[in-house]
Amino acid sequence: MIAFHPSLEGHILPVELIPETLTRTQTVPKRDNQTDVLIVGAGPTGLACAIEAQKAGFKALILDKGCLVNSIFHYPTNMTFFTTPELLEIGDIPFTSSLVKPTRQEALEYYRRAAQHYDLQIYQYHWVKTINGEDGSFHVASTDRQGHIHDCSARKIIVATGYYDLPNAISVPGEDLPKVFHYYREPHPYFDNDVIVVGGKNSAAEAALDLWRHGARVTLVHRGAQIHANVKYWVRPDVENRIKSGEIIAYFNSSILEIGPDFVVLDTPKGSQRLENDFVFALTGYHPDFDFLTSIRIELSTDQYRPVCDPVTLESNIPGIYVAGVIVAGSRTSEIFIENGRFHGKQIAAHLRQTLRPGATGPVSLGRD
Ligand SMILES: Cc1cc2nc3c(=O)[nH]c(=O)nc-3n(C[C@H](O)[C@H](O)[C@H](O)COP(=O)(O)OP(=O)(O)OC[C@H]3O[C@@H](n4cnc5c(N)ncnc54)[C@H](O)[C@@H]3O)c2cc1C
């Protein structure tokens, strides 16, 4: 049978005879919007959940507001993990690294290859705004980069939205100035500038060292009495030695009172101090999107905002909606990380096997199969 180009209906010109210069109709494949399991968030946990759901025989779809492993993409450009590669593995795919600890770049490559290997269905740049419906029949609305609304339906939902999108504010006047950042990427633009780094954990210690090594004048401001004990074992002595030698100025038991266009006022044990300043990195941690969780009716504990869930199945108080990854720890974001969150997919898949029939059409309620 001879195929005819769609734009030439009515004309009898076979496709192979159409000159290359003619405009051809662009067909956009229609996206599949029905799935067994819809996962919100394409971080390491979300990917692991999709892999395990697929292995259990279910159709899985991931939606992410950003790119694949969006949080890792936004890490400092030259970051090295504190975890060895085998502890970051998902889907039984070996993670090899040329170093003892892998780099951000290697992790980006690894998770992308893992997603490709399992042929995961991922809609990037789809920001999930609402989840309605009930177990077996959920409706998910997301927006894309153009603001267009997309609807999906799913029998089960897994929420794996992480914590890296929302920085903890230092809540001082001037925090909204364009010279103030809550994420650190790389040192080059800050050469020969007065830079303040706020915080005393890994992110702050590493940023302070990187900035100092690339020619910035660095002042570290931390409300604690010293660099945090959990800072990477190879970073902590490094930053402490720079402080001892006066190469990095540190104000401990101190905080920022005000940020101005070219100055910063500190509250220190010796009283307030005004310093000349060009840039501020407020690296004081991040927190999960608790408003999103409550908007989809997930209950949070009163003290640490932990989602109410079964610790074995990770099903939340809403039947059919599971929580996974770092959000399970609520505000205690250092309790769950890739090393342990990557196993949540297996826990949830074990429960899906008991409650959802693979390949079934239409809703299947908990406990019915
Ligand atoms: C600098 C740094 C270094 C770290 N080093 C290590 C380490 O060495 N070892 C380790 O184990 N852990 C490390 N961590 C912690 C680790 O990155 C997190 O614990 C991990 O990313 C959590 O995985 P997750 O899949 O739960 O969340 P994330 O990786 O944060 O993924 C959540 C995803 O959800 C998406 N999302 C959020 N809201 C929505 C929405 N409404 N709609 C659609 N998508 C949404 C986000 O875009 C994101 O892609 C580090 C963290 C940082 C910041």
# chains A, B, ... in the order shown; residues from 1 in each chain; ligands from 1
$ residues_near_ligand --ligand "ligand 1" --cutoff "6 Å" --atoms "only C-alpha atoms and all ligand atoms" --output "VMD selection string"
chain A and resid 40 to 46 63 to 66 69 to 71 75 81 to 83 126 to 129 160 to 164 203 325 to 326 336 to 339
$ write_last_selection --atoms "N, CA and C atoms" --output "CSV table (one decimal), in the first residue's frame"
chain,number,residue,atom,x,y,z
A,40,VAL,N,4.7,11.6,42.2
A,40,VAL,CA,5.0,13.1,42.1
A,40,VAL,C,6.4,13.2,42.6
A,41,GLY,N,7.3,13.6,41.7
A,41,GLY,CA,8.7,13.8,42.0
A,41,GLY,C,9.6,12.8,41.4
A,42,ALA,N,10.5,13.3,40.5
A,42,ALA,CA,11.5,12.4,39.8
A,42,ALA,C,12.9,12.5,40.5
A,43,GLY,N,12.9,12.5,41.8
A,43,GLY,CA,14.1,12.4,42.5
A,43,GLY,C,14.6,10.9,42.6
A,44,PRO,N,15.7,10.6,43.3
A,44,PRO,CA,16.1,9.2,43.4
A,44,PRO,C,15.0,8.3,44.0
A,45,THR,N,14.2,8.9,44.9
A,45,THR,CA,13.1,8.1,45.5
A,45,THR,C,12.0,7.8,44.5
A,46,GLY,N,11.6,8.9,43.9
A,46,GLY,CA,10.5,8.8,42.9
A,46,GLY,C,10.9,7.8,41.8
A,63,LEU,N,5.7,12.5,37.4
A,63,LEU,CA,5.6,14.0,37.0
A,63,LEU,C,6.6,14.7,37.9
A,64,ASP,N,7.4,15.6,37.3
A,64,ASP,CA,8.3,16.4,38.1
A,64,ASP,C,8.1,17.9,37.6
A,65,LYS,N,8.2,18.8,38.6
A,65,LYS,CA,8.0,20.2,38.2
A,65,LYS,C,9.3,20.7,37.5
A,66,GLY,N,10.4,20.0,37.7
A,66,GLY,CA,11.7,20.4,37.0
A,66,GLY,C,12.2,19.3,36.2
A,69,VAL,N,15.8,14.2,38.4
A,69,VAL,CA,16.6,14.5,39.6
A,69,VAL,C,16.9,16.0,39.7
A,70,ASN,N,15.9,16.7,39.8
A,70,ASN,CA,15.9,18.2,39.8
A,70,ASN,C,16.8,18.7,41.0
A,71,SER,N,16.6,18.1,42.2
A,71,SER,CA,17.4,18.5,43.3
A,71,SER,C,18.9,18.4,43.1
A,75,TYR,N,22.3,21.0,43.0
A,75,TYR,CA,23.4,21.0,44.0
A,75,TYR,C,24.5,22.0,43.5
A,81,PHE,N,29.4,13.8,46.7
A,81,PHE,CA,28.5,13.2,47.7
A,81,PHE,C,29.3,12.7,48.9
A,82,PHE,N,28.6,12.7,50.1
A,82,PHE,CA,29.3,12.1,51.2
A,82,PHE,C,29.1,10.5,51.2
A,83,THR,N,28.2,10.1,50.4
A,83,THR,CA,27.9,8.7,50.3
A,83,THR,C,28.7,8.0,49.2
A,126,HIS,N,6.4,19.3,34.7
A,126,HIS,CA,4.9,19.2,35.0
A,126,HIS,C,4.8,19.3,36.5
A,127,TRP,N,4.3,20.5,36.9
A,127,TRP,CA,4.2,20.8,38.4
A,127,TRP,C,2.8,20.4,38.9
A,128,VAL,N,2.8,19.4,39.8
A,128,VAL,CA,1.5,18.9,40.3
A,128,VAL,C,0.9,19.9,41.2
A,129,LYS,N,-0.3,20.3,40.9
A,129,LYS,CA,-1.0,21.4,41.7
A,129,LYS,C,-2.1,20.8,42.6
A,160,ALA,N,6.6,11.9,46.4
A,160,ALA,CA,8.0,11.9,46.7
A,160,ALA,C,8.7,13.3,46.3
A,161,THR,N,8.2,14.3,47.0
A,161,THR,CA,8.5,15.7,46.5
A,161,THR,C,9.7,16.3,47.2
A,162,GLY,N,10.4,15.5,48.1
A,162,GLY,CA,11.7,16.0,48.6
A,162,GLY,C,11.5,17.3,49.4
A,163,TYR,N,12.6,18.0,49.5
A,163,TYR,CA,12.7,19.2,50.4
A,163,TYR,C,13.5,20.4,49.9
A,164,TYR,N,14.1,20.2,48.7
A,164,TYR,CA,15.1,21.1,48.3
A,164,TYR,C,14.6,22.4,47.6
A,203,SER,N,26.6,22.4,53.7
A,203,SER,CA,26.5,23.3,52.6
A,203,SER,C,27.2,24.6,52.8
A,325,GLY,N,10.5,8.9,50.5
A,325,GLY,CA,11.7,9.7,50.5
A,325,GLY,C,11.8,10.6,51.7
A,326,VAL,N,12.5,11.7,51.5
A,326,VAL,CA,12.9,12.6,52.6
A,326,VAL,C,11.6,13.2,53.3
A,336,ILE,N,16.3,11.2,56.7
A,336,ILE,CA,16.2,10.3,55.5
A,336,ILE,C,16.9,11.0,54.3
A,337,PHE,N,17.7,10.2,53.6
A,337,PHE,CA,18.4,10.8,52.5
A,337,PHE,C,18.4,9.7,51.4
A,338,ILE,N,19.2,9.8,50.4
A,338,ILE,CA,19.1,8.9,49.3
A,338,ILE,C,19.4,7.5,49.8
A,339,GLU,N,20.4,7.4,50.6
A,339,GLU,CA,20.9,6.0,51.1
A,339,GLU,C,19.7,5.2,51.7
$ closest_atom_pairs --of "region 116-146 of chain A" --to "region 297-311 of chain A" --cutoff "12 Å" --atoms "only C-alpha atoms" --output "CSV"
residue,atom,partner,partner_atom,distance
A:Thr130,CA,A:Arg297,CA,10.5
A:Ile131,CA,A:Arg297,CA,9.1
A:Asn132,CA,A:Arg297,CA,9.3
A:Gly133,CA,A:Arg297,CA,11.0
A:Glu134,CA,A:Arg297,CA,11.1
$ write_last_selection --atoms "C-alpha atoms" --output "PDB file, in the first residue's frame"
ATOM      1  CA  THR A 130      -3.933  19.293  42.877  1.00  0.00           C
ATOM      2  CA  ILE A 131      -4.784  15.670  43.626  1.00  0.00           C
ATOM      3  CA  ASN A 132      -8.472  14.845  44.004  1.00  0.00           C
ATOM      4  CA  GLY A 133     -10.563  11.727  44.004  1.00  0.00           C
ATOM      5  CA  GLU A 134     -10.187   8.602  46.047  1.00  0.00           C
TER       6      GLU A 134
END
$ closest_residue --among "A:Cys67, A:Val312, A:Leu38, A:Ala56" --to "Arg357 (chain A)" --atoms "only C-alpha atoms"
A:Ala56
$ atom_distance --atom1 "CA of Gly215 (chain A)" --atom2 "CA of Phe191 (chain A)"
4.6 Å
$ closest_residue --among "A:Ile51, A:Ile296, A:Leu283, A:Val180" --to "Asn168 (chain A)" --atoms "only C-alpha atoms"
A:Leu283
$ atom_distance --atom1 "CA of Val221 (chain A)" --atom2 "CA of Pro288 (chain A)"
24.5 Å
$ select_by_dssp --residues "region 171-349 of chain A" --states "helix (DSSP H, G or I)" --output "VMD selection string"
chain A and resid 188 to 190 202 to 213 236 to 244 290 to 295 325 to 329 338 to 341 344 to 349
$ write_last_selection --atoms "N, CA and C atoms" --output "short mmCIF file (atom, residue, chain, number, x, y, z; two decimals), in the first residue's frame"
data_model
loop_
_atom_site.label_atom_id
_atom_site.label_comp_id
_atom_site.auth_asym_id
_atom_site.auth_seq_id
_atom_site.Cartn_x
_atom_site.Cartn_y
_atom_site.Cartn_z
N HIS A 188 33.15 31.37 40.87
CA HIS A 188 33.79 32.35 39.98
C HIS A 188 33.26 33.79 40.10
N PRO A 189 31.95 34.03 40.15
CA PRO A 189 31.48 35.44 40.14
C PRO A 189 31.82 36.21 41.41
N TYR A 190 32.37 35.57 42.42
CA TYR A 190 32.54 36.23 43.72
C TYR A 190 33.99 36.56 44.04
N ASN A 202 27.11 21.22 56.32
CA ASN A 202 27.88 20.89 55.11
C ASN A 202 27.82 21.97 54.03
N SER A 203 26.58 22.40 53.70
CA SER A 203 26.45 23.34 52.57
C SER A 203 27.24 24.61 52.83
N ALA A 204 27.12 25.13 54.06
CA ALA A 204 27.80 26.38 54.40
C ALA A 204 29.32 26.18 54.43
N ALA A 205 29.77 25.10 55.07
CA ALA A 205 31.21 24.86 55.20
C ALA A 205 31.85 24.68 53.81
N GLU A 206 31.17 23.92 52.95
CA GLU A 206 31.74 23.67 51.62
C GLU A 206 31.73 24.93 50.77
N ALA A 207 30.65 25.71 50.86
CA ALA A 207 30.58 26.95 50.07
C ALA A 207 31.66 27.92 50.55
N ALA A 208 31.84 28.03 51.88
CA ALA A 208 32.84 28.97 52.41
C ALA A 208 34.23 28.61 51.89
N LEU A 209 34.55 27.32 51.92
CA LEU A 209 35.88 26.89 51.46
C LEU A 209 36.05 27.14 49.96
N ASP A 210 35.03 26.79 49.19
CA ASP A 210 35.12 26.93 47.74
C ASP A 210 35.28 28.41 47.36
N LEU A 211 34.50 29.26 48.02
CA LEU A 211 34.59 30.70 47.73
C LEU A 211 35.97 31.24 48.09
N TRP A 212 36.45 30.84 49.28
CA TRP A 212 37.77 31.32 49.73
C TRP A 212 38.87 30.84 48.77
N ARG A 213 38.77 29.58 48.34
CA ARG A 213 39.80 29.02 47.44
C ARG A 213 39.78 29.71 46.07
N ARG A 236 35.39 19.24 57.56
CA ARG A 236 35.39 19.93 58.86
C ARG A 236 36.79 20.44 59.27
N PRO A 237 37.83 19.56 59.28
CA PRO A 237 39.14 20.10 59.68
C PRO A 237 39.64 21.17 58.72
N ASP A 238 39.30 21.02 57.46
CA ASP A 238 39.72 21.99 56.46
C ASP A 238 39.18 23.38 56.81
N VAL A 239 37.87 23.46 57.04
CA VAL A 239 37.27 24.78 57.31
C VAL A 239 37.74 25.29 58.68
N GLU A 240 37.87 24.38 59.65
CA GLU A 240 38.32 24.82 60.98
C GLU A 240 39.74 25.39 60.92
N ASN A 241 40.58 24.77 60.12
CA ASN A 241 41.96 25.28 60.00
C ASN A 241 42.00 26.63 59.30
N ARG A 242 41.11 26.82 58.32
CA ARG A 242 41.06 28.13 57.62
C ARG A 242 40.60 29.21 58.60
N ILE A 243 39.69 28.83 59.51
CA ILE A 243 39.19 29.80 60.49
C ILE A 243 40.29 30.14 61.50
N LYS A 244 40.98 29.08 61.96
CA LYS A 244 42.07 29.30 62.93
C LYS A 244 43.13 30.22 62.37
N PHE A 290 5.05 21.60 52.98
CA PHE A 290 3.99 21.10 53.87
C PHE A 290 2.60 21.55 53.38
N ASP A 291 2.53 22.75 52.77
CA ASP A 291 1.23 23.23 52.28
C ASP A 291 0.69 22.30 51.19
N PHE A 292 1.59 21.83 50.33
CA PHE A 292 1.15 20.91 49.26
C PHE A 292 0.62 19.62 49.90
N LEU A 293 1.35 19.11 50.89
CA LEU A 293 0.92 17.85 51.53
C LEU A 293 -0.46 18.01 52.17
N THR A 294 -0.65 19.11 52.88
CA THR A 294 -1.96 19.28 53.53
C THR A 294 -3.05 19.57 52.49
N SER A 295 -2.67 20.21 51.38
CA SER A 295 -3.68 20.49 50.35
C SER A 295 -4.22 19.21 49.74
N GLY A 325 10.54 8.87 50.51
CA GLY A 325 11.74 9.71 50.48
C GLY A 325 11.80 10.62 51.68
N VAL A 326 12.52 11.71 51.51
CA VAL A 326 12.85 12.58 52.63
C VAL A 326 11.61 13.20 53.29
N ILE A 327 10.51 13.36 52.55
CA ILE A 327 9.32 14.00 53.17
C ILE A 327 8.77 13.17 54.33
N VAL A 328 9.08 11.87 54.36
CA VAL A 328 8.59 11.01 55.44
C VAL A 328 9.12 11.52 56.80
N ALA A 329 10.27 12.17 56.80
CA ALA A 329 10.88 12.65 58.03
C ALA A 329 10.37 14.03 58.45
N ILE A 338 19.19 9.84 50.38
CA ILE A 338 19.09 8.87 49.27
C ILE A 338 19.38 7.46 49.78
N GLU A 339 20.41 7.36 50.62
CA GLU A 339 20.85 6.05 51.13
C GLU A 339 19.71 5.19 51.68
N ASN A 340 18.82 5.80 52.46
CA ASN A 340 17.73 4.99 53.04
C ASN A 340 16.39 5.21 52.32
N GLY A 341 16.17 6.41 51.77
CA GLY A 341 14.90 6.68 51.08
C GLY A 341 14.73 5.83 49.83
N HIS A 344 12.21 2.94 49.91
CA HIS A 344 10.76 3.15 50.07
C HIS A 344 9.97 2.56 48.90
N GLY A 345 10.57 2.58 47.72
CA GLY A 345 9.88 2.02 46.55
C GLY A 345 9.52 0.55 46.76
N LYS A 346 10.45 -0.20 47.34
CA LYS A 346 10.20 -1.64 47.56
C LYS A 346 9.08 -1.83 48.59
N GLN A 347 9.09 -1.00 49.64
CA GLN A 347 8.05 -1.10 50.68
C GLN A 347 6.66 -0.87 50.07
N ILE A 348 6.59 0.20 49.25
CA ILE A 348 5.29 0.55 48.66
C ILE A 348 4.86 -0.51 47.65
N ALA A 349 5.81 -0.98 46.84
CA ALA A 349 5.47 -1.99 45.82
C ALA A 349 4.94 -3.27 46.49
#
$ select_by_dssp --residues "region 33-79 of chain A" --states "strand (DSSP E)" --output "list in words"
Gln34, Thr35, Asp36, Val37, Leu38, Ile39, Val40, Ala60, Leu61, Ile62 and Leu63 of chain A
$ residues_around --residues "Ile158 (chain A)" --least-positions-apart "4" --cutoff "7 Å" --atoms "only C-alpha atoms" --output "list in words"
Leu38, Ile39, Val40, Ile321, Tyr322, Val323 and Ala324 of chain A
$ residues_around --residues "region 246-251 of chain A" --least-positions-apart "5" --cutoff "7 Å" --atoms "only C-alpha atoms" --output "CSV table (one decimal) with N, CA and C atoms, in the first residue's frame"
chain,number,residue,atom,x,y,z
A,218,VAL,N,35.8,35.8,52.6
A,218,VAL,CA,34.7,35.1,53.2
A,218,VAL,C,34.6,35.3,54.7
A,219,THR,N,33.3,35.6,55.1
A,219,THR,CA,33.0,35.6,56.5
A,219,THR,C,31.9,34.6,56.7
A,220,LEU,N,32.1,33.7,57.7
A,220,LEU,CA,31.1,32.7,58.0
A,220,LEU,C,30.3,33.2,59.3
A,221,VAL,N,29.0,33.1,59.2
A,221,VAL,CA,28.2,33.5,60.4
A,221,VAL,C,27.3,32.3,60.8
A,222,HIS,N,27.5,31.9,62.0
A,222,HIS,CA,26.7,30.7,62.4
A,222,HIS,C,26.2,30.9,63.8
A,268,THR,N,26.4,39.7,67.4
A,268,THR,CA,27.5,38.9,67.9
A,268,THR,C,27.6,38.9,69.4
$ residues_around --residues "Leu275 (chain A)" --least-positions-apart "2" --cutoff "9 Å" --atoms "only C-alpha atoms" --output "PyMOL selection string"
chain A and resi 262-266+273+277
$ write_last_selection --atoms "C-alpha atoms" --output "compact mmCIF listing (two decimals), in the first residue's frame"
# COMPACT_ATOMS: atom_id res chain seq x y z
CA ASP A 262 26.52 47.12 50.54
CA PHE A 263 26.56 46.09 54.19
CA VAL A 264 25.37 43.52 56.70
CA VAL A 265 24.68 44.04 60.42
CA LEU A 266 25.47 41.11 62.69
CA GLN A 273 28.78 44.75 64.05
CA ASN A 277 29.32 43.16 52.07
$ atom_distance --atom1 "CA of Lys59 (chain A)" --atom2 "CA of Ser316 (chain A)"
20.9 Å
$ closest_residue --among "A:Gly136, A:Pro94, A:Gly224, A:Pro173" --to "His117 (chain A)" --atoms "only C-alpha atoms"
A:Pro94
$ closest_residue --among "A:Phe343, A:Phe279, A:Phe58, A:Phe95" --to "Pro187 (chain A)" --atoms "only C-alpha atoms"
A:Phe279
$ closest_residue --among "A:Leu177, A:Ala225, A:Val197, A:Ala60" --to "Ser153 (chain A)" --atoms "only C-alpha atoms"
A:Ala60
$ closest_residue --among "A:Ile157, A:Leu257, A:Leu166, A:Ala216" --to "Asp278 (chain A)" --atoms "only C-alpha atoms"
A:Ala216
